[in-house]
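K.L.:
Data: target-v4.pdb, PDB, C-alpha atoms and all ligand atoms.
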ATOM      1  CA  MET Z   1      -0.051 -24.265   0.529  1.00  0.00           C
ATOM      2  CA  LEU Z   2      -2.149 -25.999   3.128  1.00  0.00           C
ATOM      3  CA  LEU Z   3      -0.860 -24.192   6.168  1.00  0.00           C
ATOM      4  CA  PRO Z   4      -2.890 -23.519   9.274  1.00  0.00           C
ATOM      5  CA  LYS Z   5      -4.800 -20.271   8.713  1.00  0.00           C
ATOM      6  CA  ALA Z   6      -3.084 -18.382  11.544  1.00  0.00           C
ATOM      7  CA  LEU Z   7       0.336 -19.208  10.066  1.00  0.00           C
ATOM      8  CA  GLU Z   8      -0.689 -18.148   6.582  1.00  0.00           C
ATOM      9  CA  LYS Z   9      -1.995 -14.891   8.015  1.00  0.00           C
ATOM     10  CA  ILE Z  10       1.164 -13.968   9.906  1.00  0.00           C
ATOM     11  CA  ILE Z  11       3.352 -14.874   6.911  1.00  0.00           C
ATOM     12  CA  ALA Z  12       1.239 -12.621   4.694  1.00  0.00           C
ATOM     13  CA  GLU Z  13       1.480  -9.817   7.265  1.00  0.00           C
ATOM     14  CA  LEU Z  14       5.228 -10.127   7.734  1.00  0.00           C
ATOM     15  CA  GLU Z  15       5.634  -9.995   3.952  1.00  0.00           C
ATOM     16  CA  THR Z  16       4.179  -6.491   3.908  1.00  0.00           C
ATOM     17  CA  LEU Z  17       7.134  -5.232   5.990  1.00  0.00           C
ATOM     18  CA  PRO Z  18       9.927  -3.403   4.140  1.00  0.00           C
ATOM     19  CA  GLY Z  19      12.785  -5.673   3.103  1.00  0.00           C
ATOM     20  CA  ILE Z  20      10.937  -8.896   3.994  1.00  0.00           C
ATOM     21  CA  GLY Z  21      10.235 -11.313   1.141  1.00  0.00           C
ATOM     22  CA  PRO Z  22       8.193 -14.550   1.256  1.00  0.00           C
ATOM     23  CA  ARG Z  23      11.127 -16.706   2.428  1.00  0.00           C
ATOM     24  CA  SER Z  24      12.112 -14.393   5.289  1.00  0.00           C
ATOM     25  CA  ALA Z  25       8.467 -13.967   6.256  1.00  0.00           C
ATOM     26  CA  THR Z  26       8.037 -17.735   6.485  1.00  0.00           C
ATOM     27  CA  ARG Z  27      11.256 -18.145   8.487  1.00  0.00           C
ATOM     28  CA  LEU Z  28      10.231 -15.413  10.930  1.00  0.00           C
ATOM     29  CA  ALA Z  29       6.753 -16.867  11.352  1.00  0.00           C
ATOM     30  CA  TYR Z  30       8.121 -20.328  12.167  1.00  0.00           C
ATOM     31  CA  PHE Z  31      10.734 -18.832  14.477  1.00  0.00           C
ATOM     32  CA  LEU Z  32       8.017 -17.022  16.423  1.00  0.00           C
ATOM     33  CA  LEU Z  33       5.811 -20.113  16.486  1.00  0.00           C
ATOM     34  CA  ARG Z  34       8.597 -22.204  18.020  1.00  0.00           C
ATOM     35  CA  ALA Z  35       9.879 -19.463  20.343  1.00  0.00           C
ATOM     36  CA  PRO Z  36       8.858 -19.429  24.019  1.00  0.00           C
ATOM     37  CA  ASP Z  37       5.444 -17.818  24.529  1.00  0.00           C
ATOM     38  CA  GLN Z  38       7.091 -14.890  26.310  1.00  0.00           C
ATOM     39  CA  VAL Z  39       9.155 -13.923  23.254  1.00  0.00           C
ATOM     40  CA  ALA Z  40       6.133 -13.778  20.943  1.00  0.00           C
ATOM     41  CA  PHE Z  41       3.828 -12.130  23.497  1.00  0.00           C
ATOM     42  CA  SER Z  42       6.420  -9.490  24.305  1.00  0.00           C
ATOM     43  CA  LEU Z  43       6.774  -8.648  20.596  1.00  0.00           C
ATOM     44  CA  ALA Z  44       2.982  -8.432  20.255  1.00  0.00           C
ATOM     45  CA  GLN Z  45       2.848  -6.112  23.268  1.00  0.00           C
ATOM     46  CA  SER Z  46       5.622  -3.903  21.854  1.00  0.00           C
ATOM     47  CA  LEU Z  47       3.682  -3.498  18.608  1.00  0.00           C
ATOM     48  CA  LYS Z  48       0.633  -2.465  20.602  1.00  0.00           C
ATOM     49  CA  ASP Z  49       2.680  -0.067  22.741  1.00  0.00           C
ATOM     50  CA  ILE Z  50       4.267   1.837  19.855  1.00  0.00           C
ATOM     51  CA  LYS Z  51       0.856   2.356  18.277  1.00  0.00           C
ATOM     52  CA  GLN Z  52      -0.897   3.359  21.499  1.00  0.00           C
ATOM     53  CA  GLN Z  53       1.762   5.214  23.460  1.00  0.00           C
ATOM     54  CA  ILE Z  54       3.897   7.085  20.960  1.00  0.00           C
ATOM     55  CA  LYS Z  55       2.826  10.516  19.837  1.00  0.00           C
ATOM     56  CA  THR Z  56       4.502  13.591  18.429  1.00  0.00           C
ATOM     57  CA  CYS Z  57       6.472  16.020  20.615  1.00  0.00           C
ATOM     58  CA  LYS Z  58       4.634  19.351  20.640  1.00  0.00           C
ATOM     59  CA  ARG Z  59       7.894  21.250  20.412  1.00  0.00           C
ATOM     60  CA  CYS Z  60      10.184  19.423  17.964  1.00  0.00           C
ATOM     61  CA  TYR Z  61       7.729  16.964  16.297  1.00  0.00           C
ATOM     62  CA  ASN Z  62       9.938  13.968  17.001  1.00  0.00           C
ATOM     63  CA  TYR Z  63       8.262  10.828  18.360  1.00  0.00           C
ATOM     64  CA  SER Z  64       7.645  10.934  22.082  1.00  0.00           C
ATOM     65  CA  GLU Z  65       5.780   9.203  24.898  1.00  0.00           C
ATOM     66  CA  ASP Z  66       4.964  12.561  26.466  1.00  0.00           C
ATOM     67  CA  GLU Z  67       3.722  15.936  25.235  1.00  0.00           C
ATOM     68  CA  ILE Z  68       7.340  17.104  25.183  1.00  0.00           C
ATOM     69  CA  CYS Z  69      10.079  14.610  24.292  1.00  0.00           C
ATOM     70  CA  LEU Z  70      13.118  13.599  26.353  1.00  0.00           C
ATOM     71  CA  ILE Z  71      15.553  15.583  24.187  1.00  0.00           C
ATOM     72  CA  CYS Z  72      13.522  18.796  24.459  1.00  0.00           C
ATOM     73  CA  ARG Z  73      13.249  18.351  28.240  1.00  0.00           C
ATOM     74  CA  SER Z  74      16.889  17.427  28.852  1.00  0.00           C
ATOM     75  CA  SER Z  75      19.020  19.871  30.822  1.00  0.00           C
ATOM     76  CA  GLU Z  76      22.061  18.217  29.247  1.00  0.00           C
ATOM     77  CA  ARG Z  77      21.067  19.401  25.777  1.00  0.00           C
ATOM     78  CA  ASP Z  78      22.015  22.827  24.472  1.00  0.00           C
ATOM     79  CA  GLN Z  79      18.597  24.423  24.030  1.00  0.00           C
ATOM     80  CA  THR Z  80      20.116  27.305  22.035  1.00  0.00           C
ATOM     81  CA  GLN Z  81      21.324  25.090  19.197  1.00  0.00           C
ATOM     82  CA  LEU Z  82      18.698  23.884  16.728  1.00  0.00           C
ATOM     83  CA  MET Z  83      19.085  21.232  14.059  1.00  0.00           C
ATOM     84  CA  ILE Z  84      16.421  21.013  11.356  1.00  0.00           C
ATOM     85  CA  VAL Z  85      15.901  17.494   9.954  1.00  0.00           C
ATOM     86  CA  GLU Z  86      13.463  15.914   7.530  1.00  0.00           C
ATOM     87  CA  ASP Z  87      12.336  12.836   9.411  1.00  0.00           C
ATOM     88  CA  PRO Z  88      12.378  11.282  12.900  1.00  0.00           C
ATOM     89  CA  LEU Z  89      14.779   8.665  11.473  1.00  0.00           C
ATOM     90  CA  ASP Z  90      17.317  11.449  10.950  1.00  0.00           C
ATOM     91  CA  VAL Z  91      17.151  12.189  14.684  1.00  0.00           C
ATOM     92  CA  VAL Z  92      17.927   8.515  15.378  1.00  0.00           C
ATOM     93  CA  ALA Z  93      20.925   8.693  13.024  1.00  0.00           C
ATOM     94  CA  PHE Z  94      22.373  11.795  14.733  1.00  0.00           C
ATOM     95  CA  GLU Z  95      21.672  10.401  18.208  1.00  0.00           C
ATOM     96  CA  ARG Z  96      23.495   7.162  17.326  1.00  0.00           C
ATOM     97  CA  ILE Z  97      26.579   9.184  16.392  1.00  0.00           C
ATOM     98  CA  GLY Z  98      26.112  10.943  19.723  1.00  0.00           C
ATOM     99  CA  LYS Z  99      28.094  14.106  18.949  1.00  0.00           C
ATOM    100  CA  TYR Z 100      25.239  16.590  18.553  1.00  0.00           C
ATOM    101  CA  LYS Z 101      24.111  18.070  21.881  1.00  0.00           C
ATOM    102  CA  GLY Z 102      21.472  20.564  20.759  1.00  0.00           C
ATOM    103  CA  VAL Z 103      17.782  20.104  20.050  1.00  0.00           C
ATOM    104  CA  TYR Z 104      15.893  19.248  16.848  1.00  0.00           C
ATOM    105  CA  HIS Z 105      13.031  20.335  14.647  1.00  0.00           C
ATOM    106  CA  VAL Z 106      11.493  17.573  12.516  1.00  0.00           C
ATOM    107  CA  LEU Z 107       9.969  18.970   9.311  1.00  0.00           C
ATOM    108  CA  GLY Z 108       8.151  15.793   8.361  1.00  0.00           C
ATOM    109  CA  GLY Z 109       9.377  15.888   4.758  1.00  0.00           C
ATOM    110  CA  VAL Z 110      10.890  18.308   2.278  1.00  0.00           C
ATOM    111  CA  MET Z 111       9.375  20.683  -0.216  1.00  0.00           C
ATOM    112  CA  SER Z 112       8.725  18.949  -3.516  1.00  0.00           C
ATOM    113  CA  PRO Z 113       6.798  21.056  -6.046  1.00  0.00           C
ATOM    114  CA  LEU Z 114       6.469  18.089  -8.437  1.00  0.00           C
ATOM    115  CA  ASN Z 115       4.652  16.111  -5.751  1.00  0.00           C
ATOM    116  CA  GLY Z 116       2.582  19.065  -4.616  1.00  0.00           C
ATOM    117  CA  ILE Z 117       4.462  19.477  -1.337  1.00  0.00           C
ATOM    118  CA  GLY Z 118       4.897  23.164  -0.598  1.00  0.00           C
ATOM    119  CA  PRO Z 119       5.963  25.006   2.573  1.00  0.00           C
ATOM    120  CA  GLU Z 120       2.444  24.562   3.992  1.00  0.00           C
ATOM    121  CA  GLU Z 121       2.655  20.772   3.845  1.00  0.00           C
ATOM    122  CA  ILE Z 122       5.675  20.453   6.129  1.00  0.00           C
ATOM    123  CA  ARG Z 123       6.280  22.048   9.538  1.00  0.00           C
ATOM    124  CA  ILE Z 124       7.876  25.306   8.393  1.00  0.00           C
ATOM    125  CA  LYS Z 125       5.327  27.634   9.989  1.00  0.00           C
ATOM    126  CA  GLU Z 126       5.882  25.809  13.294  1.00  0.00           C
ATOM    127  CA  LEU Z 127       9.639  26.136  12.801  1.00  0.00           C
ATOM    128  CA  LEU Z 128       9.509  29.889  12.197  1.00  0.00           C
ATOM    129  CA  THR Z 129       7.244  30.340  15.244  1.00  0.00           C
ATOM    130  CA  ARG Z 130       9.749  28.420  17.365  1.00  0.00           C
ATOM    131  CA  ILE Z 131      12.644  30.519  16.104  1.00  0.00           C
ATOM    132  CA  ASN Z 132      10.735  33.651  17.082  1.00  0.00           C
ATOM    133  CA  GLN Z 133       9.780  32.351  20.523  1.00  0.00           C
ATOM    134  CA  GLU Z 134      12.879  30.445  21.615  1.00  0.00           C
ATOM    135  CA  LYS Z 135      16.379  31.832  21.942  1.00  0.00           C
ATOM    136  CA  PHE Z 136      18.537  30.001  19.414  1.00  0.00           C
ATOM    137  CA  ASN Z 137      22.161  31.016  18.843  1.00  0.00           C
ATOM    138  CA  GLU Z 138      22.792  28.640  15.983  1.00  0.00           C
ATOM    139  CA  ILE Z 139      20.638  26.805  13.449  1.00  0.00           C
ATOM    140  CA  ILE Z 140      21.914  23.802  11.541  1.00  0.00           C
ATOM    141  CA  ILE Z 141      19.920  22.821   8.459  1.00  0.00           C
ATOM    142  CA  ALA Z 142      20.465  19.094   7.967  1.00  0.00           C
ATOM    143  CA  THR Z 143      18.076  18.193   5.155  1.00  0.00           C
ATOM    144  CA  ASN Z 144      19.346  15.492   2.777  1.00  0.00           C
ATOM    145  CA  PRO Z 145      21.938  16.490   0.150  1.00  0.00           C
ATOM    146  CA  ASN Z 146      19.623  15.930  -2.832  1.00  0.00           C
ATOM    147  CA  LEU Z 147      17.743  18.396  -5.041  1.00  0.00           C
ATOM    148  CA  GLU Z 148      14.651  18.642  -2.832  1.00  0.00           C
ATOM    149  CA  GLY Z 149      16.645  18.706   0.398  1.00  0.00           C
ATOM    150  CA  GLU Z 150      18.943  21.440  -0.916  1.00  0.00           C
ATOM    151  CA  SER Z 151      16.135  23.637  -2.223  1.00  0.00           C
ATOM    152  CA  THR Z 152      14.228  23.246   1.058  1.00  0.00           C
ATOM    153  CA  ALA Z 153      17.391  24.277   2.935  1.00  0.00           C
ATOM    154  CA  LEU Z 154      17.782  27.347   0.737  1.00  0.00           C
ATOM    155  CA  TYR Z 155      14.149  28.317   1.265  1.00  0.00           C
ATOM    156  CA  LEU Z 156      14.469  27.882   5.039  1.00  0.00           C
ATOM    157  CA  LYS Z 157      17.638  29.963   5.166  1.00  0.00           C
ATOM    158  CA  LYS Z 158      15.914  32.823   3.348  1.00  0.00           C
ATOM    159  CA  GLU Z 159      12.827  32.641   5.558  1.00  0.00           C
ATOM    160  CA  ILE Z 160      14.858  32.597   8.770  1.00  0.00           C
ATOM    161  CA  GLU Z 161      17.037  35.475   7.612  1.00  0.00           C
ATOM    162  CA  LYS Z 162      13.951  37.627   6.984  1.00  0.00           C
ATOM    163  CA  SER Z 163      13.246  37.829  10.705  1.00  0.00           C
ATOM    164  CA  HIS Z 164      16.714  36.979  12.098  1.00  0.00           C
ATOM    165  CA  PRO Z 165      19.322  38.488   9.742  1.00  0.00           C
ATOM    166  CA  ASP Z 166      22.142  37.861  12.238  1.00  0.00           C
ATOM    167  CA  MET Z 167      21.345  34.224  12.973  1.00  0.00           C
ATOM    168  CA  LYS Z 168      24.240  31.801  12.516  1.00  0.00           C
ATOM    169  CA  ILE Z 169      22.927  29.286   9.969  1.00  0.00           C
ATOM    170  CA  THR Z 170      25.009  26.311   8.834  1.00  0.00           C
TER     171      THR Z 170
HETATM  172 ZN    ZN Z 201      10.862  17.348  21.345  1.00  0.00          ZN
END
Please go through the file and, once you have read it, give me the structure as structure tokens.
P.N.:
Amino acid sequence: MLLPKALEKIIAELETLPGIGPRSATRLAYFLLRAPDQVAFSLAQSLKDIKQQIKTCKRCYNYSEDEICLICRSSERDQTQLMIVEDPLDVVAFERIGKYKGVYHVLGGVMSPLNGIGPEEIRIKELLTRINQEKFNEIIIATNPNLEGESTALYLKKEIEKSHPDMKIT
């Protein structure tokens, strides 16, 4: 194709996004080209902002703009109820439902011996430290219901029970 270089470049870049094939990439590129400057510039700025401004919450390891995220800092959240999830996307899913009012701990994956991911590779040490330091009444393990998720949940339950035999774990 003899497209202007800048167009070819953005099409190629959009194609690397998940779920975007060549046709969608081309459509998006032309949409952005024809859109008002403000629409395209705002999108460019948002891309820059998420890369520059978003870090990891020092307490729960969810994404955050500050050292400690909004959920961890909220007085409306039950700070004694802890939900353990695999990924920040799981937090989004539970927040969309809007029923859970406790706080989270993001593991950043699950244990997967076949892929060389042991307890050291995900944030289990940080989790156990938190459970020792904070006053949780209930811990909900919400890893995915597959083999790796289930075995990680079992491992976590055992580890937590070693130091907190009376903890309510669901
Ligand atoms: Zn947090």
K.L.:
Any idea what's packed within 12 Å of Glu120 (chain Z), counting all atoms listed in the file, ignoring anything in its chain fewer than 6 positions away? Could you give it as an MDAnalysis selection string?
P.N.:
chainID Z and resid 107:113 126:127
K.L.:
Please write the residues from the selection above to a file, keeping C-alpha atoms, as a PDB file, in the frame of the given file.
P.N.:
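Listed below is the output, out.pdb:
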ATOM      1  CA  LEU Z 107       9.969  18.970   9.311  1.00  0.00           C
ATOM      2  CA  GLY Z 108       8.151  15.793   8.361  1.00  0.00           C
ATOM      3  CA  GLY Z 109       9.377  15.888   4.758  1.00  0.00           C
ATOM      4  CA  VAL Z 110      10.890  18.308   2.278  1.00  0.00           C
ATOM      5  CA  MET Z 111       9.375  20.683  -0.216  1.00  0.00           C
ATOM      6  CA  SER Z 112       8.725  18.949  -3.516  1.00  0.00           C
ATOM      7  CA  PRO Z 113       6.798  21.056  -6.046  1.00  0.00           C
ATOM      8  CA  GLU Z 126       5.882  25.809  13.294  1.00  0.00           C
ATOM      9  CA  LEU Z 127       9.639  26.136  12.801  1.00  0.00           C
TER      10      LEU Z 127
END
K.L.:
With only C-alpha atoms and all ligand atoms as the atoms that count, which of Z:Lys5, Z:Arg34, Z:Lys58, Z:Arg130 lies nearest to ligand ZN 201 (chain Z)?
P.N.:
Z:Lys58
K.L.:
I'd like the interatomic distance between CA of Leu128 (chain Z) and CA of Ile160 (chain Z), to a tenth of an Å.
P.N.:
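These atoms are spaced 6.9 Å apart.
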K.L.:
For the PyMOL selection byres (((not hetatm)) within 6 of (chain Z and resi 201)), applied here, can you spell out every residue it catches as a PDB file with C-alpha atoms, in the frame of the given file?
P.N.:
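Printed below is part_2.pdb as written:
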ATOM      1  CA  CYS Z  57       6.472  16.020  20.615  1.00  0.00           C
ATOM      2  CA  ARG Z  59       7.894  21.250  20.412  1.00  0.00           C
ATOM      3  CA  CYS Z  60      10.184  19.423  17.964  1.00  0.00           C
ATOM      4  CA  TYR Z  61       7.729  16.964  16.297  1.00  0.00           C
ATOM      5  CA  ASN Z  62       9.938  13.968  17.001  1.00  0.00           C
ATOM      6  CA  ILE Z  68       7.340  17.104  25.183  1.00  0.00           C
ATOM      7  CA  CYS Z  69      10.079  14.610  24.292  1.00  0.00           C
ATOM      8  CA  ILE Z  71      15.553  15.583  24.187  1.00  0.00           C
ATOM      9  CA  CYS Z  72      13.522  18.796  24.459  1.00  0.00           C
TER      10      CYS Z  72
END
K.L.:
For region 138-148 of chain Z, I'd like the enclosing box, axis-aligned and padded by 8 Å on every side, reported as JSON with centre and edge lengths in Å to one decimal.
P.N.:
{"center_x": 18.7, "center_y": 22.1, "center_z": 5.5, "size_x": 24.1, "size_y": 29.1, "size_z": 37.0}
K.L.:
For the file shown, report as a PyMOL selection string the outcome of the PyMOL selection byres (((chain Z and resi 151-157) around 12) and not hetatm) at residue level.
P.N.:
chain Z and resi 83-86+107+109-113+117-119+122-125+127-128+131+139-150+158-170
K.L.:
Determine the residue membership of the PyMOL selection byres (((chain Z and resi 25) around 12) and not hetatm) for the file above and supply it as JSON, numbers by chain.
P.N.:
{"Z": [7, 8, 9, 10, 11, 12, 13, 14, 15, 16, 17, 18, 19, 20, 21, 22, 23, 24, 26, 27, 28, 29, 30, 31, 32]}
K.L.:
Compile the contact shell of region 134-137 of chain Z as a ChimeraX atom specification: residues with an atom at most 9 Å away, counting only C-alpha atoms, same-chain residues fewer than 5 positions apart removed.
P.N.:
/Z:79-82,129,167-168
K.L.:
One decimal, in Å: what's the spacing between CA of Arg96 (chain Z) and CA of Arg73 (chain Z)?
P.N.:
18.7 Å
K.L.:
Restricting the calculation to only C-alpha atoms, which member of Z:Glu138, Z:Arg77, Z:Ala35, Z:Leu114 is positioned closest to Lys99 (chain Z)?
P.N.:
Z:Arg77
K.L.:
Kindly give the distance, in Å, that separates CA of Pro36 (chain Z) and CA of Leu2 (chain Z), rounded to a single decimal.
P.N.:
24.5 Å
K.L.:
May I have the residues within 10 Å of Leu89 (chain Z) as a ChimeraX atom specification, using only C-alpha atoms and disregarding those fewer than 6 positions away in the same chain?
P.N.:
/Z:62-63,95,106
K.L.:
Would you please work out which residue, of Z:Asp87, Z:Glu76, Z:Glu121, Z:Gln45, is nearest to Val103 (chain Z) when using all atoms listed in the file?
P.N.:
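Ranked by minimum distance to Val103 (chain Z), first place goes to Z:Glu76.
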